Amino acid sequence: MKYINAAFGKSERIIRSASIILLAFPIITQAHHSTAFYSEEIVELEGELVGVEWRNPHVTWQLMVTSNAGEEELWFLEAASRYPLQRAGVSRDLFVIGEHVRVVGKKSRREGNVMLATNMFLPKGRELLLWGNIAVQFGDASRSVDAARENRGIFRVWSTPAELFPDIQRRLSDLPYTPQAIAARTQWNPINNFVTRCEQEGMPRIMVNPHPFEFIDRGDTITLRMELYDIERTIDMTRSEPAEDEPWSHLGYSVGRWQGDSLVVTTTRVDWPFFDNIGTPQSKDVEIVETFALNDEQGRIDLHITVTDPDTFLEPATIIGYWIALGESVPQYDCQPGRPGA
């Protein structure tokens with residue numbers, strides 16, 4: 001399906017057609033640093049692909065466009081990170097330097113000739129989804145593994161299902177925040193923060209992301225490895241609480257116990273100032289209780305997170321979701337800071 005049916009005239013290289021695209025393209029709100037930079041104005045570009053940077057946190061392209069005045073303009077395009085693009089069948093080898101492509105997206109509020117690319121049309125008409133409803137291309141049903149036969153329990157790589165992928169951040173929006181926590185968001189700097197600097201995030205925010213997770217059995221401990229920021233959490237299975245002299249950290253100290261086939265993890269000693277990545281603060285009093293419940297077929301984990309912090313919430317906040325077994329690996333994230341065109 002093509003979102004834009006109008007052909008480009010030879011002299012018309014930039015077309016703004018917001019009413020058509022907004023009706024046809026269900027924009028998914030994602031509380032990530034990049035959306036703060038872009039307006040709701042929809043822009044179409046057509047030009048020569050002159051550069052590709054296949055990197056995290058966002059893949060970027062450079063597009064040479066000829067303006068209505070006949071002058072060449074270099075545009076910088078930004079889209080999703082490598083993992084969702086690859087899961088949707090978008091790989092680096094699809095982009096050939098020198099080819100003529102058409103792109104739809106949102107123009108930057110702060111920088112000239114910078115766009116959040118949502119759709120790209122390759123020379124032979126193939127359309128690539130690069131943002132928003134990209135999860136419709138995941139094809140999870142054909143990729144599920146026979147987890148019961150493998151009988152690995154919780155110890156495998158887990159993936160966020162396509163139907164929950166665009167809803168990851170939305171699940172944080174209706175929690176019972178205190179008025180002071182909401183007010184503190186006004187101090188958030190959308191240009192200079194831990195996300196734009198590629199700094200590893202802390203608990204519990206790091207658990208609310210759509211990238212793959214893997215549980216690894218280490219005997220007395222369990223390693224919870226994740227793609228985002230190449231983070232590894234350690235879950236101590238020998239204690240019921242941390243030692244008195246245990247240091248504080250952005251991931252805190254996690255102790256775990258088995259409750260049937262479910263893993264229950266309690267995390268304290270978190271020294272991380274933000275609950276999310278839009279500036280909601282949290283205190284050192286935060287306590288996070290996670291329950292990872294394996295279903296009978298071993299192909300799904302139901303995730304239940306309760307966060308207690310009187311500075312952030314009026315009452316304990318609950319986040320729920322689930323992961324599925326797709327046989328994926330945990331790729332290296334290798335975050336590289338920098339904005340398109342910077």
# chains A, B, ... in the order shown; residues from 1 in each chain; ligands from 1
>>> residues_around(residues="stretch 234-248 of chain A", least_positions_apart="6", cutoff="10 Å", atoms="only C-alpha atoms", output="VMD selection string")
chain A and resid 215 to 225 254 to 258 265 to 272 284
>>> residues_around(residues="stretch 164-174 of chain A", least_positions_apart="4", cutoff="10 Å", atoms="only C-alpha atoms", output="number ranges by chain")
A: 27-32, 84, 131-136, 138, 159-160, 205, 208-211, 275-277, 317-323
>>> write_last_selection(atoms="N, CA and C atoms", output="PDB file, in the first residue's frame")
ATOM      1  N   ILE A  27      -0.101   7.714  12.959  1.00  0.00           N
ATOM      2  CA  ILE A  27       1.135   8.065  13.642  1.00  0.00           C
ATOM      3  C   ILE A  27       1.123   7.482  15.047  1.00  0.00           C
ATOM      4  N   ILE A  28       2.177   6.790  15.417  1.00  0.00           N
ATOM      5  CA  ILE A  28       2.314   6.227  16.753  1.00  0.00           C
ATOM      6  C   ILE A  28       3.183   7.155  17.585  1.00  0.00           C
ATOM      7  N   THR A  29       2.668   7.594  18.722  1.00  0.00           N
ATOM      8  CA  THR A  29       3.441   8.467  19.593  1.00  0.00           C
ATOM      9  C   THR A  29       4.470   7.649  20.350  1.00  0.00           C
ATOM     10  N   GLN A  30       5.721   8.032  20.281  1.00  0.00           N
ATOM     11  CA  GLN A  30       6.783   7.364  20.998  1.00  0.00           C
ATOM     12  C   GLN A  30       7.527   8.393  21.826  1.00  0.00           C
ATOM     13  N   ALA A  31       7.589   8.142  23.139  1.00  0.00           N
ATOM     14  CA  ALA A  31       8.263   9.092  24.030  1.00  0.00           C
ATOM     15  C   ALA A  31       9.760   8.873  23.955  1.00  0.00           C
ATOM     16  N   HIS A  32      10.315   9.253  22.879  1.00  0.00           N
ATOM     17  CA  HIS A  32      11.749   9.118  22.668  1.00  0.00           C
ATOM     18  C   HIS A  32      12.286  10.491  22.343  1.00  0.00           C
ATOM     19  N   PRO A  84      14.464  -2.587  15.203  1.00  0.00           N
ATOM     20  CA  PRO A  84      13.134  -2.657  14.601  1.00  0.00           C
ATOM     21  C   PRO A  84      13.165  -2.612  13.081  1.00  0.00           C
ATOM     22  N   TRP A 131       9.385   4.122  10.694  1.00  0.00           N
ATOM     23  CA  TRP A 131       9.004   4.688  11.999  1.00  0.00           C
ATOM     24  C   TRP A 131       7.514   4.452  12.190  1.00  0.00           C
ATOM     25  N   GLY A 132       6.981   4.740  13.374  1.00  0.00           N
ATOM     26  CA  GLY A 132       5.539   4.682  13.599  1.00  0.00           C
ATOM     27  C   GLY A 132       5.009   3.266  13.575  1.00  0.00           C
ATOM     28  N   ASN A 133       4.237   2.912  12.550  1.00  0.00           N
ATOM     29  CA  ASN A 133       3.610   1.592  12.507  1.00  0.00           C
ATOM     30  C   ASN A 133       4.511   0.538  11.872  1.00  0.00           C
ATOM     31  N   ILE A 134       5.796   0.651  12.077  1.00  0.00           N
ATOM     32  CA  ILE A 134       6.769  -0.298  11.529  1.00  0.00           C
ATOM     33  C   ILE A 134       6.488  -1.727  11.971  1.00  0.00           C
ATOM     34  N   ALA A 135       5.868  -1.913  13.153  1.00  0.00           N
ATOM     35  CA  ALA A 135       5.647  -3.257  13.696  1.00  0.00           C
ATOM     36  C   ALA A 135       4.698  -4.099  12.853  1.00  0.00           C
ATOM     37  N   VAL A 136       3.910  -3.487  11.970  1.00  0.00           N
ATOM     38  CA  VAL A 136       3.013  -4.277  11.120  1.00  0.00           C
ATOM     39  C   VAL A 136       3.801  -5.160  10.164  1.00  0.00           C
ATOM     40  N   PHE A 138       6.498  -6.987  11.123  1.00  0.00           N
ATOM     41  CA  PHE A 138       7.346  -7.912  11.886  1.00  0.00           C
ATOM     42  C   PHE A 138       7.107  -9.391  11.549  1.00  0.00           C
ATOM     43  N   SER A 159      11.365 -11.444  23.086  1.00  0.00           N
ATOM     44  CA  SER A 159      11.093 -10.304  22.211  1.00  0.00           C
ATOM     45  C   SER A 159       9.738  -9.688  22.540  1.00  0.00           C
ATOM     46  N   THR A 160       9.628  -8.385  22.368  1.00  0.00           N
ATOM     47  CA  THR A 160       8.340  -7.706  22.516  1.00  0.00           C
ATOM     48  C   THR A 160       7.468  -8.028  21.312  1.00  0.00           C
ATOM     49  N   ARG A 205      13.359   2.278  34.126  1.00  0.00           N
ATOM     50  CA  ARG A 205      13.171   2.706  32.739  1.00  0.00           C
ATOM     51  C   ARG A 205      13.765   1.703  31.758  1.00  0.00           C
ATOM     52  N   VAL A 208      11.526  -0.953  30.299  1.00  0.00           N
ATOM     53  CA  VAL A 208      10.371  -0.578  29.478  1.00  0.00           C
ATOM     54  C   VAL A 208      10.896  -0.114  28.131  1.00  0.00           C
ATOM     55  N   ASN A 209      11.345  -1.075  27.340  1.00  0.00           N
ATOM     56  CA  ASN A 209      11.849  -0.781  26.005  1.00  0.00           C
ATOM     57  C   ASN A 209      11.565  -1.983  25.110  1.00  0.00           C
ATOM     58  N   PRO A 210      11.501  -1.805  23.794  1.00  0.00           N
ATOM     59  CA  PRO A 210      11.086  -2.882  22.893  1.00  0.00           C
ATOM     60  C   PRO A 210      12.210  -3.750  22.343  1.00  0.00           C
ATOM     61  N   HIS A 211      13.417  -3.610  22.868  1.00  0.00           N
ATOM     62  CA  HIS A 211      14.542  -4.384  22.365  1.00  0.00           C
ATOM     63  C   HIS A 211      14.619  -5.759  23.036  1.00  0.00           C
ATOM     64  N   PHE A 275      12.638   8.439  36.233  1.00  0.00           N
ATOM     65  CA  PHE A 275      11.798   7.265  36.051  1.00  0.00           C
ATOM     66  C   PHE A 275      11.681   6.904  34.575  1.00  0.00           C
ATOM     67  N   ASP A 276      11.751   7.898  33.697  1.00  0.00           N
ATOM     68  CA  ASP A 276      11.550   7.672  32.270  1.00  0.00           C
ATOM     69  C   ASP A 276      12.552   8.519  31.493  1.00  0.00           C
ATOM     70  N   ASN A 277      12.272   8.743  30.214  1.00  0.00           N
ATOM     71  CA  ASN A 277      13.177   9.581  29.418  1.00  0.00           C
ATOM     72  C   ASN A 277      12.494  10.842  28.898  1.00  0.00           C
ATOM     73  N   ALA A 317       2.812   2.154  41.340  1.00  0.00           N
ATOM     74  CA  ALA A 317       2.483   2.179  39.913  1.00  0.00           C
ATOM     75  C   ALA A 317       2.733   0.811  39.303  1.00  0.00           C
ATOM     76  N   THR A 318       1.845   0.385  38.433  1.00  0.00           N
ATOM     77  CA  THR A 318       1.942  -0.948  37.828  1.00  0.00           C
ATOM     78  C   THR A 318       2.092  -0.831  36.312  1.00  0.00           C
ATOM     79  N   ILE A 319       3.060  -1.580  35.782  1.00  0.00           N
ATOM     80  CA  ILE A 319       3.293  -1.654  34.340  1.00  0.00           C
ATOM     81  C   ILE A 319       3.211  -3.123  33.949  1.00  0.00           C
ATOM     82  N   ILE A 320       2.392  -3.453  32.965  1.00  0.00           N
ATOM     83  CA  ILE A 320       2.263  -4.840  32.541  1.00  0.00           C
ATOM     84  C   ILE A 320       2.546  -4.966  31.046  1.00  0.00           C
ATOM     85  N   GLY A 321       2.896  -6.167  30.638  1.00  0.00           N
ATOM     86  CA  GLY A 321       3.165  -6.467  29.242  1.00  0.00           C
ATOM     87  C   GLY A 321       3.537  -7.921  29.119  1.00  0.00           C
ATOM     88  N   TYR A 322       4.041  -8.312  27.966  1.00  0.00           N
ATOM     89  CA  TYR A 322       4.527  -9.688  27.826  1.00  0.00           C
ATOM     90  C   TYR A 322       5.550  -9.769  26.714  1.00  0.00           C
ATOM     91  N   TRP A 323       6.363 -10.804  26.794  1.00  0.00           N
ATOM     92  CA  TRP A 323       7.388 -11.084  25.793  1.00  0.00           C
ATOM     93  C   TRP A 323       7.113 -12.452  25.181  1.00  0.00           C
TER      94      TRP A 323
END
>>> residues_around(residues="A:Ala183", least_positions_apart="4", cutoff="12 Å", atoms="only C-alpha atoms", output="PDB file with C-alpha atoms, in the first residue's frame")
ATOM      1  CA  TYR A 177       2.220  10.561  39.179  1.00  0.00           C
ATOM      2  CA  THR A 178       2.484  13.142  41.944  1.00  0.00           C
ATOM      3  CA  PRO A 179       1.899  16.764  40.885  1.00  0.00           C
ATOM      4  CA  GLN A 187      13.197  21.158  33.583  1.00  0.00           C
ATOM      5  CA  TRP A 188      13.960  18.388  31.077  1.00  0.00           C
ATOM      6  CA  ILE A 278      10.991  12.689  29.448  1.00  0.00           C
ATOM      7  CA  GLY A 279      12.260  14.078  32.756  1.00  0.00           C
ATOM      8  CA  THR A 280       9.982  12.485  35.390  1.00  0.00           C
ATOM      9  CA  PRO A 281      12.157  12.306  38.518  1.00  0.00           C
ATOM     10  CA  THR A 312       7.076  10.039  42.030  1.00  0.00           C
TER      11      THR A 312
END
>>> select_by_dssp(residues="stretch 24-109 of chain A", states="strand (DSSP E or B)", output="ChimeraX atom specification")
/A:38-53,56,60-66,72-78,100-108
>>> closest_residue(among="A:Gly47, A:Gly153, A:Pro212, A:Gly112", to="A:Ala293", atoms="only C-alpha atoms")
A:Gly153
>>> closest_residue(among="A:Val114, A:Leu294, A:Gly202, A:Trp158", to="A:Ser249", atoms="only C-alpha atoms")
A:Gly202
>>> closest_atom_pairs(of="stretch 202-295 of chain A", to="stretch 304-311 of chain A", cutoff="7 Å", atoms="only C-alpha atoms", output="JSON lines")
{"residue": "A:Gln282", "atom": "CA", "partner": "A:Asp311", "partner_atom": "CA", "distance": 6.5}
{"residue": "A:Ser283", "atom": "CA", "partner": "A:Asp311", "partner_atom": "CA", "distance": 6.4}
{"residue": "A:Asp285", "atom": "CA", "partner": "A:Asp309", "partner_atom": "CA", "distance": 5.9}
{"residue": "A:Val286", "atom": "CA", "partner": "A:Asp309", "partner_atom": "CA", "distance": 4.5}
{"residue": "A:Glu287", "atom": "CA", "partner": "A:Thr308", "partner_atom": "CA", "distance": 5.3}
{"residue": "A:Ile288", "atom": "CA", "partner": "A:Val307", "partner_atom": "CA", "distance": 4.7}
{"residue": "A:Val289", "atom": "CA", "partner": "A:Thr306", "partner_atom": "CA", "distance": 5.2}
{"residue": "A:Glu290", "atom": "CA", "partner": "A:Ile305", "partner_atom": "CA", "distance": 4.5}
{"residue": "A:Thr291", "atom": "CA", "partner": "A:His304", "partner_atom": "CA", "distance": 5.1}
{"residue": "A:Phe292", "atom": "CA", "partner": "A:His304", "partner_atom": "CA", "distance": 6.8}
>>> decode(residues="stretch 121-275 of chain A", atoms="C-alpha atoms", output="PDB file, in the first residue's frame")
ATOM      1  CA  PHE A 121       9.999   4.434  -1.619  1.00  0.00           C
ATOM      2  CA  LEU A 122      12.837   2.709  -3.488  1.00  0.00           C
ATOM      3  CA  PRO A 123      13.337   3.059  -7.278  1.00  0.00           C
ATOM      4  CA  LYS A 124      11.243  -0.011  -8.199  1.00  0.00           C
ATOM      5  CA  GLY A 125       8.355   1.105  -5.999  1.00  0.00           C
ATOM      6  CA  ARG A 126       9.068  -0.918  -2.860  1.00  0.00           C
ATOM      7  CA  GLU A 127       7.886   0.947   0.243  1.00  0.00           C
ATOM      8  CA  LEU A 128       9.843   0.710   3.496  1.00  0.00           C
ATOM      9  CA  LEU A 129       8.321   1.645   6.858  1.00  0.00           C
ATOM     10  CA  LEU A 130      10.947   3.410   8.961  1.00  0.00           C
ATOM     11  CA  TRP A 131       9.004   4.688  11.999  1.00  0.00           C
ATOM     12  CA  GLY A 132       5.539   4.682  13.599  1.00  0.00           C
ATOM     13  CA  ASN A 133       3.610   1.592  12.507  1.00  0.00           C
ATOM     14  CA  ILE A 134       6.769  -0.298  11.529  1.00  0.00           C
ATOM     15  CA  ALA A 135       5.647  -3.257  13.696  1.00  0.00           C
ATOM     16  CA  VAL A 136       3.013  -4.277  11.120  1.00  0.00           C
ATOM     17  CA  GLN A 137       5.932  -5.694   9.110  1.00  0.00           C
ATOM     18  CA  PHE A 138       7.346  -7.912  11.886  1.00  0.00           C
ATOM     19  CA  GLY A 139       5.579 -11.173  10.950  1.00  0.00           C
ATOM     20  CA  ASP A 140       5.780 -12.711  14.431  1.00  0.00           C
ATOM     21  CA  ALA A 141       3.409 -15.616  13.701  1.00  0.00           C
ATOM     22  CA  SER A 142       5.815 -17.186  11.223  1.00  0.00           C
ATOM     23  CA  ARG A 143       8.819 -16.783  13.519  1.00  0.00           C
ATOM     24  CA  SER A 144       7.623 -18.291  16.815  1.00  0.00           C
ATOM     25  CA  VAL A 145       9.769 -21.162  18.048  1.00  0.00           C
ATOM     26  CA  ASP A 146       8.632 -24.494  19.533  1.00  0.00           C
ATOM     27  CA  ALA A 147       9.580 -23.451  23.046  1.00  0.00           C
ATOM     28  CA  ALA A 148       7.871 -26.428  24.717  1.00  0.00           C
ATOM     29  CA  ARG A 149      10.012 -28.862  22.724  1.00  0.00           C
ATOM     30  CA  GLU A 150      13.177 -26.899  23.473  1.00  0.00           C
ATOM     31  CA  ASN A 151      12.200 -26.886  27.182  1.00  0.00           C
ATOM     32  CA  ARG A 152      14.541 -24.047  28.171  1.00  0.00           C
ATOM     33  CA  GLY A 153      12.132 -22.357  30.532  1.00  0.00           C
ATOM     34  CA  ILE A 154      12.877 -18.702  31.109  1.00  0.00           C
ATOM     35  CA  PHE A 155      16.482 -18.968  29.914  1.00  0.00           C
ATOM     36  CA  ARG A 156      16.318 -17.731  26.342  1.00  0.00           C
ATOM     37  CA  VAL A 157      16.037 -14.513  24.337  1.00  0.00           C
ATOM     38  CA  TRP A 158      12.655 -12.793  24.616  1.00  0.00           C
ATOM     39  CA  SER A 159      11.093 -10.304  22.211  1.00  0.00           C
ATOM     40  CA  THR A 160       8.340  -7.706  22.516  1.00  0.00           C
ATOM     41  CA  PRO A 161       5.373  -8.825  20.379  1.00  0.00           C
ATOM     42  CA  ALA A 162       4.412  -6.703  17.389  1.00  0.00           C
ATOM     43  CA  GLU A 163       1.049  -5.732  18.896  1.00  0.00           C
ATOM     44  CA  LEU A 164       2.738  -4.199  21.968  1.00  0.00           C
ATOM     45  CA  PHE A 165       5.779  -2.743  20.216  1.00  0.00           C
ATOM     46  CA  PRO A 166       4.261   0.702  19.496  1.00  0.00           C
ATOM     47  CA  ASP A 167       2.646   0.779  22.960  1.00  0.00           C
ATOM     48  CA  ILE A 168       5.833   0.474  25.029  1.00  0.00           C
ATOM     49  CA  GLN A 169       6.007   4.099  26.136  1.00  0.00           C
ATOM     50  CA  ARG A 170       2.271   4.711  26.172  1.00  0.00           C
ATOM     51  CA  ARG A 171       1.947   2.321  29.099  1.00  0.00           C
ATOM     52  CA  LEU A 172       3.824   4.862  31.207  1.00  0.00           C
ATOM     53  CA  SER A 173       1.544   7.811  30.457  1.00  0.00           C
ATOM     54  CA  ASP A 174      -1.393   7.077  32.786  1.00  0.00           C
ATOM     55  CA  LEU A 175       0.459   6.123  35.951  1.00  0.00           C
ATOM     56  CA  PRO A 176      -0.482   7.891  39.231  1.00  0.00           C
ATOM     57  CA  TYR A 177       2.220  10.561  39.179  1.00  0.00           C
ATOM     58  CA  THR A 178       2.484  13.142  41.944  1.00  0.00           C
ATOM     59  CA  PRO A 179       1.899  16.764  40.885  1.00  0.00           C
ATOM     60  CA  GLN A 180       5.497  17.627  41.738  1.00  0.00           C
ATOM     61  CA  ALA A 181       6.819  14.830  39.530  1.00  0.00           C
ATOM     62  CA  ILE A 182       4.776  16.090  36.592  1.00  0.00           C
ATOM     63  CA  ALA A 183       5.864  19.669  37.215  1.00  0.00           C
ATOM     64  CA  ALA A 184       9.529  18.625  37.274  1.00  0.00           C
ATOM     65  CA  ARG A 185       9.328  17.555  33.633  1.00  0.00           C
ATOM     66  CA  THR A 186       9.507  21.217  32.616  1.00  0.00           C
ATOM     67  CA  GLN A 187      13.197  21.158  33.583  1.00  0.00           C
ATOM     68  CA  TRP A 188      13.960  18.388  31.077  1.00  0.00           C
ATOM     69  CA  ASN A 189      16.346  19.385  28.307  1.00  0.00           C
ATOM     70  CA  PRO A 190      15.259  17.572  25.110  1.00  0.00           C
ATOM     71  CA  ILE A 191      18.531  18.442  23.369  1.00  0.00           C
ATOM     72  CA  ASN A 192      21.073  17.553  26.052  1.00  0.00           C
ATOM     73  CA  ASN A 193      20.161  14.549  28.218  1.00  0.00           C
ATOM     74  CA  PHE A 194      21.267  10.997  28.920  1.00  0.00           C
ATOM     75  CA  VAL A 195      19.442   9.710  25.831  1.00  0.00           C
ATOM     76  CA  THR A 196      21.066  12.091  23.367  1.00  0.00           C
ATOM     77  CA  ARG A 197      24.427  11.436  25.038  1.00  0.00           C
ATOM     78  CA  CYS A 198      24.006   7.642  24.675  1.00  0.00           C
ATOM     79  CA  GLU A 199      24.405   7.113  28.416  1.00  0.00           C
ATOM     80  CA  GLN A 200      23.218   3.826  29.894  1.00  0.00           C
ATOM     81  CA  GLU A 201      19.833   4.238  31.512  1.00  0.00           C
ATOM     82  CA  GLY A 202      18.793   3.023  34.951  1.00  0.00           C
ATOM     83  CA  MET A 203      16.015   1.065  36.593  1.00  0.00           C
ATOM     84  CA  PRO A 204      13.145   0.750  36.014  1.00  0.00           C
ATOM     85  CA  ARG A 205      13.171   2.706  32.739  1.00  0.00           C
ATOM     86  CA  ILE A 206      15.595   0.247  31.125  1.00  0.00           C
ATOM     87  CA  MET A 207      12.988  -2.533  31.440  1.00  0.00           C
ATOM     88  CA  VAL A 208      10.371  -0.578  29.478  1.00  0.00           C
ATOM     89  CA  ASN A 209      11.849  -0.781  26.005  1.00  0.00           C
ATOM     90  CA  PRO A 210      11.086  -2.882  22.893  1.00  0.00           C
ATOM     91  CA  HIS A 211      14.542  -4.384  22.365  1.00  0.00           C
ATOM     92  CA  PRO A 212      15.410  -8.073  23.037  1.00  0.00           C
ATOM     93  CA  PHE A 213      16.125  -9.440  26.521  1.00  0.00           C
ATOM     94  CA  GLU A 214      17.906 -12.655  27.520  1.00  0.00           C
ATOM     95  CA  PHE A 215      17.943 -14.567  30.826  1.00  0.00           C
ATOM     96  CA  ILE A 216      21.176 -16.496  31.440  1.00  0.00           C
ATOM     97  CA  ASP A 217      21.515 -19.016  34.300  1.00  0.00           C
ATOM     98  CA  ARG A 218      24.766 -18.443  36.229  1.00  0.00           C
ATOM     99  CA  GLY A 219      23.949 -20.708  39.187  1.00  0.00           C
ATOM    100  CA  ASP A 220      23.778 -18.404  42.218  1.00  0.00           C
ATOM    101  CA  THR A 221      22.923 -15.467  39.965  1.00  0.00           C
ATOM    102  CA  ILE A 222      20.878 -14.826  36.852  1.00  0.00           C
ATOM    103  CA  THR A 223      22.112 -12.405  34.205  1.00  0.00           C
ATOM    104  CA  LEU A 224      19.437 -10.370  32.451  1.00  0.00           C
ATOM    105  CA  ARG A 225      21.080  -9.180  29.270  1.00  0.00           C
ATOM    106  CA  MET A 226      19.480  -6.615  26.974  1.00  0.00           C
ATOM    107  CA  GLU A 227      20.300  -5.043  23.650  1.00  0.00           C
ATOM    108  CA  LEU A 228      19.527  -1.454  24.649  1.00  0.00           C
ATOM    109  CA  TYR A 229      22.826   0.172  25.674  1.00  0.00           C
ATOM    110  CA  ASP A 230      24.376  -3.352  25.927  1.00  0.00           C
ATOM    111  CA  ILE A 231      23.274  -3.505  29.574  1.00  0.00           C
ATOM    112  CA  GLU A 232      23.562  -6.579  31.802  1.00  0.00           C
ATOM    113  CA  ARG A 233      21.699  -6.818  35.107  1.00  0.00           C
ATOM    114  CA  THR A 234      22.722  -9.278  37.805  1.00  0.00           C
ATOM    115  CA  ILE A 235      19.989 -10.934  39.886  1.00  0.00           C
ATOM    116  CA  ASP A 236      21.233 -12.452  43.146  1.00  0.00           C
ATOM    117  CA  MET A 237      19.377 -15.711  43.850  1.00  0.00           C
ATOM    118  CA  THR A 238      21.064 -16.357  47.216  1.00  0.00           C
ATOM    119  CA  ARG A 239      19.876 -13.339  49.233  1.00  0.00           C
ATOM    120  CA  SER A 240      16.532 -11.898  50.262  1.00  0.00           C
ATOM    121  CA  GLU A 241      17.920  -8.341  50.453  1.00  0.00           C
ATOM    122  CA  PRO A 242      21.197  -6.563  49.661  1.00  0.00           C
ATOM    123  CA  ALA A 243      24.028  -6.395  52.177  1.00  0.00           C
ATOM    124  CA  GLU A 244      24.303  -3.234  54.277  1.00  0.00           C
ATOM    125  CA  ASP A 245      27.457  -2.136  52.473  1.00  0.00           C
ATOM    126  CA  GLU A 246      26.173  -2.883  48.976  1.00  0.00           C
ATOM    127  CA  PRO A 247      26.872   0.142  46.744  1.00  0.00           C
ATOM    128  CA  TRP A 248      24.133   2.117  45.031  1.00  0.00           C
ATOM    129  CA  SER A 249      24.037   2.195  41.229  1.00  0.00           C
ATOM    130  CA  HIS A 250      21.832   3.153  38.281  1.00  0.00           C
ATOM    131  CA  LEU A 251      20.668  -0.486  38.030  1.00  0.00           C
ATOM    132  CA  GLY A 252      20.381  -0.938  41.797  1.00  0.00           C
ATOM    133  CA  TYR A 253      20.733  -4.291  43.536  1.00  0.00           C
ATOM    134  CA  SER A 254      18.357  -7.086  42.494  1.00  0.00           C
ATOM    135  CA  VAL A 255      17.463 -10.187  44.497  1.00  0.00           C
ATOM    136  CA  GLY A 256      15.358 -12.963  43.022  1.00  0.00           C
ATOM    137  CA  ARG A 257      13.312 -15.979  44.043  1.00  0.00           C
ATOM    138  CA  TRP A 258      11.330 -18.639  42.231  1.00  0.00           C
ATOM    139  CA  GLN A 259       7.586 -18.816  42.723  1.00  0.00           C
ATOM    140  CA  GLY A 260       6.717 -21.922  40.736  1.00  0.00           C
ATOM    141  CA  ASP A 261       7.831 -21.201  37.177  1.00  0.00           C
ATOM    142  CA  SER A 262       7.739 -17.450  37.830  1.00  0.00           C
ATOM    143  CA  LEU A 263      10.787 -15.370  38.683  1.00  0.00           C
ATOM    144  CA  VAL A 264      10.132 -12.587  41.196  1.00  0.00           C
ATOM    145  CA  VAL A 265      12.818  -9.884  41.393  1.00  0.00           C
ATOM    146  CA  THR A 266      13.022  -7.043  43.912  1.00  0.00           C
ATOM    147  CA  THR A 267      15.367  -4.142  43.176  1.00  0.00           C
ATOM    148  CA  THR A 268      16.465  -1.434  45.598  1.00  0.00           C
ATOM    149  CA  ARG A 269      19.527   0.803  46.034  1.00  0.00           C
ATOM    150  CA  VAL A 270      18.786   2.498  42.717  1.00  0.00           C
ATOM    151  CA  ASP A 271      20.741   5.696  42.202  1.00  0.00           C
ATOM    152  CA  TRP A 272      19.153   6.961  38.989  1.00  0.00           C
ATOM    153  CA  PRO A 273      17.376  10.329  38.931  1.00  0.00           C
ATOM    154  CA  PHE A 274      14.737   9.649  36.266  1.00  0.00           C
ATOM    155  CA  PHE A 275      11.798   7.265  36.051  1.00  0.00           C
TER     156      PHE A 275
END
